[in-house]
file upload.cif (mmCIF, C-alpha atoms)
data_data
loop_
_atom_site.label_atom_id
_atom_site.label_comp_id
_atom_site.auth_asym_id
_atom_site.auth_seq_id
_atom_site.Cartn_x
_atom_site.Cartn_y
_atom_site.Cartn_z
CA MET A 273 131.47 102.97 74.36
CA ALA A 274 129.93 103.77 77.75
CA VAL A 275 126.24 104.56 78.01
CA LYS A 276 125.79 108.10 79.28
CA ILE A 277 123.15 108.79 81.91
CA GLY A 278 122.22 112.45 82.24
CA ILE A 279 121.04 114.24 85.37
CA LEU A 280 118.98 117.35 84.79
CA LYS A 281 119.04 120.52 86.81
CA GLU A 282 115.74 121.14 88.58
CA THR A 283 113.78 124.09 87.20
CA LYS A 284 110.23 123.73 88.58
CA ASN A 285 110.80 126.52 91.11
CA GLN A 286 113.63 128.40 92.76
CA TRP A 287 113.44 126.28 95.94
CA GLU A 288 113.96 122.87 94.35
CA SER A 289 117.51 121.85 95.24
CA ARG A 290 117.42 118.04 95.25
CA ILE A 291 119.09 115.54 92.94
CA PRO A 292 118.16 111.88 92.33
CA LEU A 293 121.72 110.64 93.02
CA THR A 294 124.38 112.34 95.15
CA PRO A 295 127.96 112.86 93.93
CA GLU A 296 129.22 110.01 96.13
CA GLN A 297 126.52 107.67 94.84
CA ILE A 298 127.30 108.58 91.22
CA ALA A 299 131.01 107.96 91.81
CA GLN A 300 130.27 104.58 93.38
CA LEU A 301 128.02 103.52 90.49
CA GLN A 302 130.63 104.55 87.92
CA SER A 303 133.37 102.72 89.77
CA GLU A 304 131.34 99.52 89.99
CA ASN A 305 129.93 99.78 86.45
CA PRO A 306 132.53 101.09 83.99
CA GLU A 307 130.14 100.39 81.10
CA PHE A 308 128.22 103.58 81.88
CA GLN A 309 128.95 107.09 83.07
CA PHE A 310 126.99 110.08 84.30
CA VAL A 311 126.76 113.60 82.94
CA VAL A 312 125.37 116.23 85.32
CA MET A 313 123.91 119.59 84.30
CA PRO A 314 125.28 122.43 86.47
CA SER A 315 122.79 124.13 88.77
CA GLU A 316 123.17 127.16 91.02
CA GLN A 317 120.26 126.16 93.24
CA ARG A 318 121.25 122.51 93.78
CA VAL A 319 122.37 121.76 97.34
CA PHE A 320 125.36 119.82 96.00
CA ARG A 321 127.87 122.28 94.56
CA GLU A 322 129.84 121.81 91.35
CA ASN A 323 133.11 121.24 93.18
CA GLU A 324 131.59 118.18 94.88
CA PHE A 325 131.14 116.59 91.45
CA ALA A 326 134.48 117.81 90.11
CA ASP A 327 136.35 116.36 93.10
CA LEU A 328 134.98 112.94 92.14
CA ASN A 329 135.73 113.35 88.42
CA ILE A 330 132.06 113.44 87.45
CA GLU A 331 131.43 115.03 84.06
CA MET A 332 129.43 118.27 83.96
CA ALA A 333 127.71 119.59 80.81
CA ASP A 334 125.15 122.25 79.93
CA GLU A 335 123.41 119.90 77.48
CA LEU A 336 122.49 116.21 77.71
CA GLU A 337 122.11 115.49 74.02
CA GLU A 338 124.47 112.51 74.19
CA SER A 339 122.57 110.93 77.10
CA PRO A 340 119.85 108.48 76.02
CA ILE A 341 118.71 108.12 79.65
CA ILE A 342 117.95 111.22 81.73
CA LEU A 343 117.09 111.41 85.43
CA GLY A 344 115.32 114.28 87.18
CA VAL A 345 113.28 114.76 90.33
CA LYS A 346 110.21 116.91 89.68
CA GLU A 347 108.26 117.51 86.47
CA ILE A 348 110.41 118.60 83.52
CA PRO A 349 109.32 121.80 81.74
CA ILE A 350 108.47 121.17 78.09
CA PRO A 351 111.41 123.22 76.69
CA TYR A 352 113.84 120.82 78.40
CA LEU A 353 112.35 117.68 76.83
CA ARG A 354 114.16 116.06 73.91
CA PRO A 355 112.95 113.45 71.37
CA ARG A 356 113.43 109.72 71.87
CA LYS A 357 115.00 109.97 75.33
CA THR A 358 114.19 107.74 78.30
CA TYR A 359 113.18 109.88 81.30
CA LEU A 360 112.84 109.03 84.98
CA PHE A 361 111.14 111.58 87.23
CA PHE A 362 108.01 112.22 89.29
CA SER A 363 105.63 113.04 86.44
CA HIS A 364 102.41 113.49 88.46
CA THR A 365 100.35 112.27 85.54
CA ILE A 366 98.75 108.99 86.64
CA LYS A 367 95.64 110.70 88.01
CA GLY A 368 95.27 112.61 84.76
CA GLN A 369 96.47 115.82 86.41
CA ALA A 370 95.43 118.51 83.93
CA TYR A 371 98.44 120.74 84.59
CA ASN A 372 100.81 117.97 83.44
CA MET A 373 98.91 116.68 80.42
CA PRO A 374 100.73 119.03 77.99
CA MET A 375 104.03 117.64 79.26
CA LEU A 376 102.81 114.06 78.80
CA GLN A 377 101.54 114.85 75.31
CA ARG A 378 104.92 116.33 74.40
CA LEU A 379 106.69 113.17 75.61
CA LEU A 380 104.39 111.11 73.43
CA ASP A 381 104.84 113.36 70.43
CA ASP A 382 108.61 113.12 70.91
CA GLU A 383 108.45 109.30 70.92
CA ALA A 384 110.04 109.34 74.39
CA THR A 385 109.90 106.82 77.21
CA LEU A 386 108.63 107.86 80.66
CA ILE A 387 109.36 105.93 83.85
CA ASP A 388 107.82 107.32 87.04
CA TYR A 389 109.56 106.84 90.40
CA GLU A 390 106.18 106.80 92.11
CA LEU A 391 105.33 103.55 90.34
CA ILE A 392 108.48 101.59 91.21
CA LYS A 393 106.90 99.05 93.56
CA ASP A 394 107.33 95.48 94.68
CA ASP A 395 104.80 92.71 94.07
CA THR A 396 102.73 93.79 97.08
CA GLY A 397 102.43 97.39 95.84
CA ARG A 398 104.94 98.79 98.32
CA ARG A 399 106.82 101.78 96.93
CA LEU A 400 110.57 101.24 96.71
CA VAL A 401 111.93 104.67 95.69
CA PHE A 402 110.45 107.62 97.57
CA PHE A 403 110.97 110.86 99.48
CA GLY A 404 108.02 110.21 101.81
CA ARG A 405 109.79 110.20 105.17
CA HIS A 406 111.45 113.55 104.55
CA ALA A 407 108.22 115.05 103.19
CA GLY A 408 106.59 114.09 106.48
CA MET A 409 109.42 115.51 108.56
CA ALA A 410 109.47 118.85 106.75
CA GLY A 411 105.68 119.07 106.61
CA MET A 412 105.37 118.47 110.35
CA ILE A 413 107.79 121.19 111.39
CA ASP A 414 106.20 123.60 108.90
CA SER A 415 102.77 122.82 110.37
CA LEU A 416 103.96 123.39 113.95
CA TRP A 417 105.62 126.63 112.86
CA ALA A 418 102.33 127.68 111.23
CA LEU A 419 100.46 126.93 114.47
CA GLY A 420 102.79 129.22 116.42
CA GLN A 421 102.39 131.97 113.83
CA ARG A 422 98.60 131.64 113.82
CA TRP A 423 98.35 131.79 117.60
CA GLN A 424 100.56 134.86 117.57
CA THR A 425 98.13 136.70 115.28
CA GLU A 426 95.38 135.80 117.78
CA GLY A 427 97.36 137.30 120.65
CA LEU A 428 98.59 134.02 122.12
CA GLU A 429 102.36 133.81 122.61
CA SER A 430 103.50 130.20 122.53
CA PRO A 431 106.77 128.27 122.43
CA PHE A 432 105.83 127.24 118.88
CA ALA A 433 106.44 130.82 117.75
CA ARG A 434 110.17 130.20 118.25
CA LEU A 435 110.21 127.51 115.58
CA LYS A 436 111.36 128.12 112.02
CA PRO A 437 110.18 126.54 108.76
CA ALA A 438 112.09 123.41 107.77
CA LYS A 439 114.04 125.19 105.04
CA ASP A 440 115.69 127.43 107.64
CA TYR A 441 117.28 124.46 109.41
CA GLY A 442 120.34 122.84 107.91
CA HIS A 443 119.45 119.25 108.76
CA SER A 444 116.75 117.21 110.46
CA GLN A 445 119.00 116.89 113.51
CA GLU A 446 118.81 120.67 113.94
CA ILE A 447 115.03 120.41 113.81
CA LYS A 448 115.02 117.68 116.43
CA SER A 449 117.37 119.65 118.68
CA ALA A 450 115.16 122.72 118.40
CA LEU A 451 112.08 120.69 119.30
CA LYS A 452 113.79 119.06 122.28
CA LEU A 453 114.74 122.48 123.59
CA MET A 454 111.27 123.89 123.00
CA GLY A 455 109.67 120.83 124.55
CA LYS A 456 111.25 121.54 127.94
CA GLY A 457 109.07 124.60 128.42
CA LEU A 458 105.99 123.28 126.65
CA PRO A 459 104.14 121.65 129.60
CA GLU A 460 103.87 124.92 131.53
CA PHE A 461 102.44 126.69 128.48
CA LEU A 462 99.98 123.88 127.75
CA LYS A 463 98.54 124.10 131.26
CA THR A 464 97.18 127.54 130.36
CA ILE A 465 95.09 126.52 127.34
CA PRO A 466 92.59 123.79 126.37
CA PRO A 467 94.12 120.50 125.19
CA VAL A 468 96.11 120.70 121.95
CA ILE A 469 95.35 117.69 119.76
CA VAL A 470 97.24 116.86 116.57
CA GLY A 471 95.61 114.36 114.21
CA PHE A 472 97.46 112.30 111.60
CA ALA A 473 95.45 110.94 108.69
CA GLY A 474 97.33 107.92 107.38
CA TYR A 475 100.09 105.67 108.65
CA GLY A 476 102.53 105.19 105.73
CA ASN A 477 106.01 106.58 105.11
CA VAL A 478 104.87 110.20 105.05
CA SER A 479 102.94 109.84 108.30
CA LYS A 480 105.85 108.02 109.94
CA GLY A 481 108.17 110.90 109.03
CA ALA A 482 105.73 113.46 110.42
CA GLN A 483 105.25 111.47 113.63
CA GLU A 484 109.01 111.06 114.01
CA ILE A 485 109.22 114.84 114.38
CA PHE A 486 106.09 115.26 116.51
CA ASP A 487 107.03 112.46 118.91
CA ILE A 488 110.00 114.48 120.16
CA LEU A 489 107.53 116.70 122.03
CA PRO A 490 105.84 115.68 125.32
CA HIS A 491 102.65 113.94 124.26
CA GLU A 492 100.17 111.15 124.84
CA GLU A 493 98.69 109.05 122.05
CA ILE A 494 94.95 108.51 122.17
CA GLU A 495 92.40 106.68 120.05
CA PRO A 496 89.87 108.49 117.84
CA ASP A 497 87.04 107.45 120.16
CA ASP A 498 88.81 109.25 123.03
CA LEU A 499 88.72 112.63 121.28
CA PRO A 500 85.50 114.10 122.76
CA GLY A 501 86.54 113.33 126.33
CA VAL A 502 90.09 114.64 125.95
CA ALA A 503 88.97 117.77 124.11
CA ALA A 504 86.49 118.56 126.90
CA ARG A 505 89.24 118.86 129.53
CA LYS A 506 90.18 122.32 130.70
CA SER A 507 93.90 121.88 130.11
CA ALA A 508 96.75 119.38 129.99
CA ASN A 509 100.51 119.41 130.46
CA ARG A 510 101.21 117.55 127.21
CA LEU A 511 100.13 117.41 123.59
CA TYR A 512 97.82 114.70 122.31
CA LYS A 513 98.35 112.64 119.18
CA VAL A 514 95.72 110.64 117.33
CA VAL A 515 96.32 108.56 114.20
CA PHE A 516 93.41 107.84 111.87
CA ASN A 517 93.33 104.84 109.58
CA GLU A 518 90.77 103.93 106.93
CA GLU A 519 88.09 102.64 109.28
CA HIS A 520 88.03 106.03 111.04
CA LEU A 521 87.68 107.97 107.78
CA VAL A 522 84.71 106.27 106.12
CA ARG A 523 81.70 104.04 106.71
CA PRO A 524 79.57 101.94 104.35
CA ARG A 525 76.77 103.92 102.69
CA HIS A 526 74.33 101.46 104.21
CA TYR A 527 74.39 101.81 107.98
CA ASP A 528 73.93 98.07 108.46
CA GLY A 529 77.13 97.43 106.50
CA LYS A 530 80.48 96.53 108.03
CA PHE A 531 83.75 98.24 107.17
CA GLU A 532 85.96 95.95 105.10
CA LEU A 533 89.35 97.31 104.10
CA GLN A 534 89.71 95.39 100.85
CA GLU A 535 86.15 96.22 99.82
CA TYR A 536 86.86 99.89 100.47
CA TYR A 537 89.88 99.85 98.15
CA GLN A 538 88.06 97.85 95.46
CA PHE A 539 84.68 99.62 95.69
CA PRO A 540 85.23 103.02 97.35
CA GLU A 541 81.92 104.26 95.91
CA ARG A 542 80.22 102.08 98.53
CA TYR A 543 81.63 104.29 101.31
CA VAL A 544 81.09 107.84 102.56
CA SER A 545 83.31 110.08 104.68
CA ILE A 546 82.70 110.36 108.42
CA PHE A 547 85.78 112.38 109.28
CA ASP A 548 83.80 115.55 110.02
CA GLN A 549 82.89 114.10 113.44
CA TYR A 550 86.51 114.38 114.56
CA MET A 551 87.33 117.83 113.17
CA PRO A 552 85.84 119.92 116.02
CA HIS A 553 88.29 118.33 118.47
CA LEU A 554 91.53 118.82 116.51
CA THR A 555 93.97 121.71 116.75
CA VAL A 556 96.13 120.55 113.84
CA LEU A 557 95.30 118.05 111.11
CA VAL A 558 98.22 116.48 109.25
CA ASN A 559 97.07 114.84 106.02
CA CYS A 560 99.32 112.01 104.85
CA ILE A 561 96.92 109.79 102.88
CA TYR A 562 97.03 108.76 99.26
CA TRP A 563 93.91 110.04 97.51
CA ASP A 564 92.29 109.75 94.11
CA THR A 565 88.97 110.95 92.75
CA ILE A 566 87.33 107.56 93.33
CA TYR A 567 87.68 107.97 97.11
CA PRO A 568 85.59 110.12 99.47
CA ARG A 569 87.26 113.36 100.52
CA LEU A 570 88.77 113.60 103.99
CA VAL A 571 87.71 117.24 104.47
CA THR A 572 85.18 119.04 102.28
CA LYS A 573 84.71 122.78 101.92
CA HIS A 574 81.30 122.33 103.49
CA ASP A 575 82.90 120.64 106.51
CA VAL A 576 85.12 123.69 107.02
CA TRP A 577 82.22 126.08 106.50
CA LYS A 578 80.21 124.27 109.21
CA LEU A 579 83.17 124.23 111.55
CA TYR A 580 83.88 127.92 111.22
CA ARG A 581 80.31 129.04 111.95
CA ASP A 582 81.39 128.75 115.59
CA ASN A 583 84.73 129.33 117.30
CA PRO A 584 86.65 126.26 116.16
CA LYS A 585 89.76 124.70 117.65
CA LEU A 586 91.17 123.73 114.26
CA LYS A 587 93.96 126.17 113.41
CA VAL A 588 96.16 124.40 110.85
CA ILE A 589 95.79 121.76 108.16
CA GLY A 590 99.17 120.46 107.08
CA ASP A 591 98.32 118.92 103.71
CA ILE A 592 101.56 117.01 103.18
CA SER A 593 100.00 114.82 100.46
CA CYS A 594 99.00 118.05 98.68
CA ASP A 595 96.40 116.94 96.16
CA ILE A 596 94.89 120.22 94.99
CA GLU A 597 91.15 120.26 95.84
CA GLY A 598 91.56 116.58 96.65
CA ALA A 599 91.38 114.86 100.02
CA ILE A 600 91.49 118.35 101.54
CA GLU A 601 89.04 120.11 99.26
CA CYS A 602 89.93 123.55 100.59
CA ASN A 603 93.53 123.13 99.42
CA MET A 604 93.08 125.63 96.61
CA GLY A 605 96.63 125.55 95.31
CA ALA A 606 100.15 124.44 96.10
CA THR A 607 102.57 126.79 97.80
CA ASP A 608 106.35 126.90 97.84
CA SER A 609 108.94 127.02 100.58
CA GLY A 610 109.27 130.79 100.38
CA ASP A 611 105.57 131.38 101.06
CA PRO A 612 104.30 128.08 102.46
CA VAL A 613 100.87 128.83 103.94
CA TYR A 614 97.58 130.55 103.29
CA VAL A 615 94.22 130.84 105.05
CA TYR A 616 91.15 129.35 103.44
CA LEU A 617 88.14 131.62 103.98
CA PRO A 618 85.09 129.30 103.94
CA GLU A 619 82.53 132.11 103.85
CA GLU A 620 84.08 133.45 100.65
CA ASP A 621 85.54 130.24 99.19
CA ARG A 622 88.90 131.84 98.53
CA ARG A 623 92.36 131.98 100.03
CA ILE A 624 94.63 134.72 101.33
CA MET A 625 98.33 134.17 101.85
CA GLY A 626 99.67 134.19 105.38
CA VAL A 627 98.21 132.99 108.69
CA LYS A 628 95.60 135.63 109.51
CA GLY A 629 91.93 135.22 108.65
CA ARG A 630 88.75 133.41 109.64
CA GLY A 631 89.54 129.95 108.40
CA PRO A 632 92.18 127.27 108.78
CA VAL A 633 95.80 127.86 107.84
CA ILE A 634 96.66 125.51 104.96
CA MET A 635 100.26 124.32 104.59
CA ALA A 636 100.45 123.09 100.98
CA VAL A 637 104.09 122.97 99.88
CA ASP A 638 104.15 120.36 97.09
CA ASN A 639 107.88 119.56 97.20
CA LEU A 640 108.51 119.40 100.94
CA PRO A 641 111.57 117.09 100.83
CA THR A 642 113.55 119.88 99.17
CA GLU A 643 113.43 121.68 102.52
CA LEU A 644 115.82 118.94 103.71
CA PRO A 645 117.60 118.59 100.36
CA ARG A 646 120.89 116.95 101.20
CA GLU A 647 119.65 114.14 103.41
CA SER A 648 116.49 113.52 101.37
CA SER A 649 118.60 113.20 98.20
CA GLU A 650 120.94 110.79 99.98
CA ALA A 651 118.06 108.57 101.12
CA PHE A 652 116.33 108.68 97.75
CA GLY A 653 119.54 107.90 95.85
CA LYS A 654 120.31 104.96 98.12
CA ALA A 655 116.96 103.42 97.18
CA LEU A 656 117.40 104.22 93.47
CA MET A 657 120.96 102.91 93.05
CA PRO A 658 120.09 99.19 92.71
CA PHE A 659 117.92 99.93 89.65
CA ILE A 660 120.53 101.93 87.71
CA PRO A 661 122.52 99.00 86.22
CA ASN A 662 119.33 97.42 84.83
CA LEU A 663 118.26 100.77 83.46
CA ALA A 664 121.60 101.44 81.79
CA SER A 665 121.81 97.99 80.19
CA CYS A 666 118.27 98.02 78.78
CA ASP A 667 117.83 98.44 75.02
CA PHE A 668 114.99 100.96 74.88
CA ASP A 669 114.88 100.69 71.08
CA LYS A 670 113.03 97.39 71.51
CA PRO A 671 109.22 97.20 71.78
CA PHE A 672 107.75 97.50 75.27
CA GLU A 673 106.97 93.79 75.49
CA GLU A 674 110.65 92.98 74.87
CA LEU A 675 112.20 95.45 77.32
CA ASP A 676 114.60 93.60 79.60
CA LEU A 677 113.73 95.32 82.86
CA PRO A 678 112.99 93.93 86.31
CA PRO A 679 109.22 93.92 86.98
CA GLU A 680 109.55 96.71 89.53
CA LEU A 681 110.87 99.02 86.80
CA LYS A 682 108.75 97.72 83.93
CA ARG A 683 105.54 98.37 85.86
CA ALA A 684 106.67 101.98 86.23
CA VAL A 685 106.87 102.63 82.46
CA ILE A 686 103.98 104.97 81.64
CA ALA A 687 104.93 105.53 77.99
CA HIS A 688 107.40 103.95 75.61
CA GLN A 689 108.44 105.16 72.16
CA GLY A 690 105.61 107.68 72.20
CA ARG A 691 102.84 105.26 73.17
CA LEU A 692 101.06 104.73 76.45
CA THR A 693 101.79 101.29 77.88
CA PRO A 694 98.81 98.97 78.50
CA ASP A 695 98.32 99.83 82.18
CA PHE A 696 98.19 103.55 81.37
CA GLU A 697 96.09 103.70 78.21
CA TYR A 698 93.35 105.31 80.30
CA LEU A 699 95.41 108.51 80.30
CA ALA A 700 94.38 109.03 76.68
CA ASN A 701 91.03 110.21 78.08
CA TYR A 702 92.82 113.17 79.65
CA LEU A 703 94.79 114.16 76.57
CA GLU A 704 93.62 116.31 73.71
CA THR A 705 92.11 114.33 70.84
CA ASP A 706 93.54 115.80 67.69
CA LYS A 707 95.42 114.49 64.67
CA HIS A 708 98.50 113.98 66.87
CA MET A 709 96.56 111.68 69.19
CA ILE A 710 98.74 108.90 70.53
CA GLY A 711 98.83 105.33 69.30
CA PHE A 712 98.06 102.45 71.54
CA PHE A 713 99.49 99.04 72.22
CA ASN A 714 97.23 96.30 70.94
CA GLY A 715 98.56 93.62 73.28
#
call {"tool": "encode", "arguments": {"input": "upload.cif", "output": "structure tokens"}}
result
Amino acid sequence: MAVKIGILKETKNQWESRIPLTPEQIAQLQSENPEFQFVVMPSEQRVFRENEFADLNIEMADELEESPIILGVKEIPIPYLRPRKTYLFFSHTIKGQAYNMPMLQRLLDDEATLIDYELIKDDTGRRLVFFGRHAGMAGMIDSLWALGQRWQTEGLESPFARLKPAKDYGHSQEIKSALKLMGKGLPEFLKTIPPVIVGFAGYGNVSKGAQEIFDILPHEEIEPDDLPGVAARKSANRLYKVVFNEEHLVRPRHYDGKFELQEYYQFPERYVSIFDQYMPHLTVLVNCIYWDTIYPRLVTKHDVWKLYRDNPKLKVIGDISCDIEGAIECNMGATDSGDPVYVYLPEEDRRIMGVKGRGPVIMAVDNLPTELPRESSEAFGKALMPFIPNLASCDFDKPFEELDLPPELKRAVIAHQGRLTPDFEYLANYLETDKHMIGFFNG
């Protein structure tokens, strides 16, 4: 009897239209592996329509009770969770995120197994299954759109005002075509205003996706040390791009210390942020870094308050990484594709939706790849496909130590049979301690 692998419909918000495997990818997996089959829940908001599955003879069902393994994309609402299932999705739990602890507790109470895509990595720690590139692409166009909208409220008509948010384009090629067209008239506009400088914090997959979009426009790349001189010019006929890596973001607490990358990752408490020195020169900041509470913040609320005492250049912060009150402390909450931006008011420490107000516009959509749903699903599924046969053949009734999974997958198991696995026992500190408190592995 074939093992059934279920695919959930996405229910986090009305804009989420991705799927972890496309119809063509599912059909290929079933053809090559007759020992398992897929069952897909219908969804009105999914970019792939039901006929695309039906044409490939893929089973559709409103319930996934017969599927011991279930795939999703974003967090699964508690009512959709079922006991003793094996789930794969982006759980957003490994930092102890409070808003997802009830979901994690329910998985544990249900004696379920949780595998997180974010943790599927090779031996060097490189992520193998991700949406990062498309998050960067969508976040960049949304940030440039926000810049045009902000300038418009300030009485400055710019070519950027002709851009649309990513969700209003059908494909990344449409975005690139729109930017190429806009870019033809951009130099003449830029000659009329002080230099426009876009900063990218980080250089990984997300940043590469964002830069892929930005680089279509006429620009010159500069180094962080060049910022004061470039910003002081009266005008330019191109945009400027600057990419910040770790050594530009922090310094040792002791001024006589030397920046060491590995020391920073192992002992981040020995470092303090120095990014505020660059902020006065930037027009747009695109945040693409991984952040956790052990690291210094990139931008603090106090930094923004200091900046906005004067007449700052900084108009938009595109927080693509979107850690709420994290690296960008003034990110006060995630937005969605239907209402993607708000203004942080530093004098009042609050936000107002839209682009008008005395403070930076914050773009904080937390599921940006869904703005390019078809191609981001295709790329994600292509990376996920090699792991499906191992997943389907694994006997999840065995203890964690005996699970026959490749190390890339086994390292991504947060919980198994209702217990946190050894690498994730620390999450117990974030869960409620009551009589239903989880058990632990002893080994």
call {"tool": "residues_around", "arguments": {"input": "upload.cif", "residues": "range 549-558 of chain A", "least_positions_apart": "5", "cutoff": "10 Å", "atoms": "only C-alpha atoms", "output": "JSON, numbers by chain"}}
result
{"A": [408, 411, 412, 415, 416, 418, 419, 466, 467, 468, 469, 470, 471, 472, 473, 474, 479, 482, 483, 496, 497, 499, 500, 501, 502, 503, 504, 512, 513, 514, 515, 516, 520, 521, 571, 575, 576, 578, 579, 580, 582, 583, 584, 585, 586, 587, 588, 589, 590, 591, 592, 593, 632, 633, 634, 635]}
call {"tool": "residues_around", "arguments": {"input": "upload.cif", "residues": "range 535-543 of chain A", "least_positions_apart": "3", "cutoff": "12 Å", "atoms": "all atoms listed in the file", "output": "list in words"}}
result
Glu518, Glu519, His520, Leu521, Val522, Arg523, Pro524, Arg525, His526, Tyr527, Gly529, Lys530, Phe531, Glu532, Ile546, Tyr562, Trp563, Asp564, Thr565, Ile566, Tyr567, Pro568 and Arg569 of chain A
call {"tool": "residues_around", "arguments": {"input": "upload.cif", "residues": "Asp327 in chain A", "least_positions_apart": "5", "cutoff": "12 Å", "atoms": "all atoms listed in the file", "output": "list in words"}}
result
Pro295, Glu296, Ala299, Phe320, Arg321, Glu322 and Met332 of chain A
call {"tool": "resolve_selection", "arguments": {"input": "upload.cif", "expression": "the PyMOL selection byres ((chain A and resi 597) around 12)", "output": "NGL selection string"}}
result
:A and (369 or 563-565 or 569-573 or 591 or 593-596 or 598-606 or 616 or 621 or 634 or 636)
call {"tool": "resolve_selection", "arguments": {"input": "upload.cif", "expression": "the PyMOL selection byres ((chain A and resi 665) around 12)", "output": "PyMOL selection string"}}
result
chain A and resi 274-277+305-309+340-341+659-664+666-669+675-678
call {"tool": "atom_distance", "arguments": {"input": "upload.cif", "atom1": "CA of Leu391 in chain A", "atom2": "CA of Ile561 in chain A"}}
result
16.3 Å
call {"tool": "closest_residue", "arguments": {"input": "upload.cif", "among": "A:Ile465, A:Leu376, A:Leu640, A:Leu458", "to": "Lys439 in chain A", "atoms": "only C-alpha atoms"}}
result
A:Leu640
call {"tool": "closest_residue", "arguments": {"input": "upload.cif", "among": "A:Lys367, A:Trp423, A:Lys480, A:Ile279", "to": "Ile348 in chain A", "atoms": "all atoms listed in the file"}}
result
A:Ile279
call {"tool": "closest_residue", "arguments": {"input": "upload.cif", "among": "A:Ala700, A:Leu435, A:Val544, A:Leu353", "to": "Ala370 in chain A", "atoms": "only C-alpha atoms"}}
result
A:Ala700
call {"tool": "residues_around", "arguments": {"input": "upload.cif", "residues": "Asn477 in chain A", "least_positions_apart": "3", "cutoff": "7 Å", "atoms": "only C-alpha atoms", "output": "list of chain:residue names"}}
result
A:Gly404, A:Arg405, A:Lys480, A:Gly481
call {"tool": "write_last_selection", "arguments": {"input": "upload.cif", "atoms": "C-alpha atoms", "output": "CSV table (one decimal), in the coordinates of the input"}}
result
chain,number,residue,atom,x,y,z
A,404,GLY,CA,108.0,110.2,101.8
A,405,ARG,CA,109.8,110.2,105.2
A,480,LYS,CA,105.8,108.0,109.9
A,481,GLY,CA,108.2,110.9,109.0
call {"tool": "atom_distance", "arguments": {"input": "upload.cif", "atom1": "CA of Ala407 in chain A", "atom2": "CA of Pro641 in chain A"}}
result
4.6 Å
call {"tool": "residues_around", "arguments": {"input": "upload.cif", "residues": "Gly610 in chain A", "least_positions_apart": "2", "cutoff": "12 Å", "atoms": "only C-alpha atoms", "output": "ChimeraX atom specification"}}
result
/A:285-288,414,437-440,606-608,612-613,625-626,635-637,639-640,642-643
call {"tool": "write_last_selection", "arguments": {"input": "upload.cif", "atoms": "C-alpha atoms", "output": "PDB file, keeping the file's coordinate frame"}}
result
ATOM      1  CA  ASN A 285     110.800 126.520  91.110  1.00  0.00           C
ATOM      2  CA  GLN A 286     113.630 128.400  92.760  1.00  0.00           C
ATOM      3  CA  TRP A 287     113.440 126.280  95.940  1.00  0.00           C
ATOM      4  CA  GLU A 288     113.960 122.870  94.350  1.00  0.00           C
ATOM      5  CA  ASP A 414     106.200 123.600 108.900  1.00  0.00           C
ATOM      6  CA  PRO A 437     110.180 126.540 108.760  1.00  0.00           C
ATOM      7  CA  ALA A 438     112.090 123.410 107.770  1.00  0.00           C
ATOM      8  CA  LYS A 439     114.040 125.190 105.040  1.00  0.00           C
ATOM      9  CA  ASP A 440     115.690 127.430 107.640  1.00  0.00           C
ATOM     10  CA  ALA A 606     100.150 124.440  96.100  1.00  0.00           C
ATOM     11  CA  THR A 607     102.570 126.790  97.800  1.00  0.00           C
ATOM     12  CA  ASP A 608     106.350 126.900  97.840  1.00  0.00           C
ATOM     13  CA  PRO A 612     104.300 128.080 102.460  1.00  0.00           C
ATOM     14  CA  VAL A 613     100.870 128.830 103.940  1.00  0.00           C
ATOM     15  CA  MET A 625      98.330 134.170 101.850  1.00  0.00           C
ATOM     16  CA  GLY A 626      99.670 134.190 105.380  1.00  0.00           C
ATOM     17  CA  MET A 635     100.260 124.320 104.590  1.00  0.00           C
ATOM     18  CA  ALA A 636     100.450 123.090 100.980  1.00  0.00           C
ATOM     19  CA  VAL A 637     104.090 122.970  99.880  1.00  0.00           C
ATOM     20  CA  ASN A 639     107.880 119.560  97.200  1.00  0.00           C
ATOM     21  CA  LEU A 640     108.510 119.400 100.940  1.00  0.00           C
ATOM     22  CA  THR A 642     113.550 119.880  99.170  1.00  0.00           C
ATOM     23  CA  GLU A 643     113.430 121.680 102.520  1.00  0.00           C
TER      24      GLU A 643
END
call {"tool": "closest_residue", "arguments": {"input": "upload.cif", "among": "A:Lys357, A:His443, A:Arg630, A:Arg399", "to": "Leu380 in chain A", "atoms": "all atoms listed in the file"}}
result
A:Lys357
call {"tool": "resolve_selection", "arguments": {"input": "upload.cif", "expression": "the PyMOL selection byres ((chain A and resi 366) around 10)", "output": "number ranges by chain"}}
result
A: 363-365, 367-369, 372-373, 388, 390-391, 564, 686, 696, 698-699
call {"tool": "atom_distance", "arguments": {"input": "upload.cif", "atom1": "CA of Tyr441 in chain A", "atom2": "CA of Leu328 in chain A"}}
result
27.3 Å
call {"tool": "axis_aligned_box", "arguments": {"input": "upload.cif", "around": "range 509-521 of chain A", "padding_each_side": "5 Å", "output": "lines of an AutoDock Vina configuration file"}}
result
center_x = 94.4
center_y = 111.0
center_z = 118.7
size_x = 23.5
size_y = 26.8
size_z = 33.5
call {"tool": "closest_residue", "arguments": {"input": "upload.cif", "among": "A:Met375, A:Leu428, A:Leu451, A:Ala433", "to": "Pro351 in chain A", "atoms": "all atoms listed in the file"}}
result
A:Met375
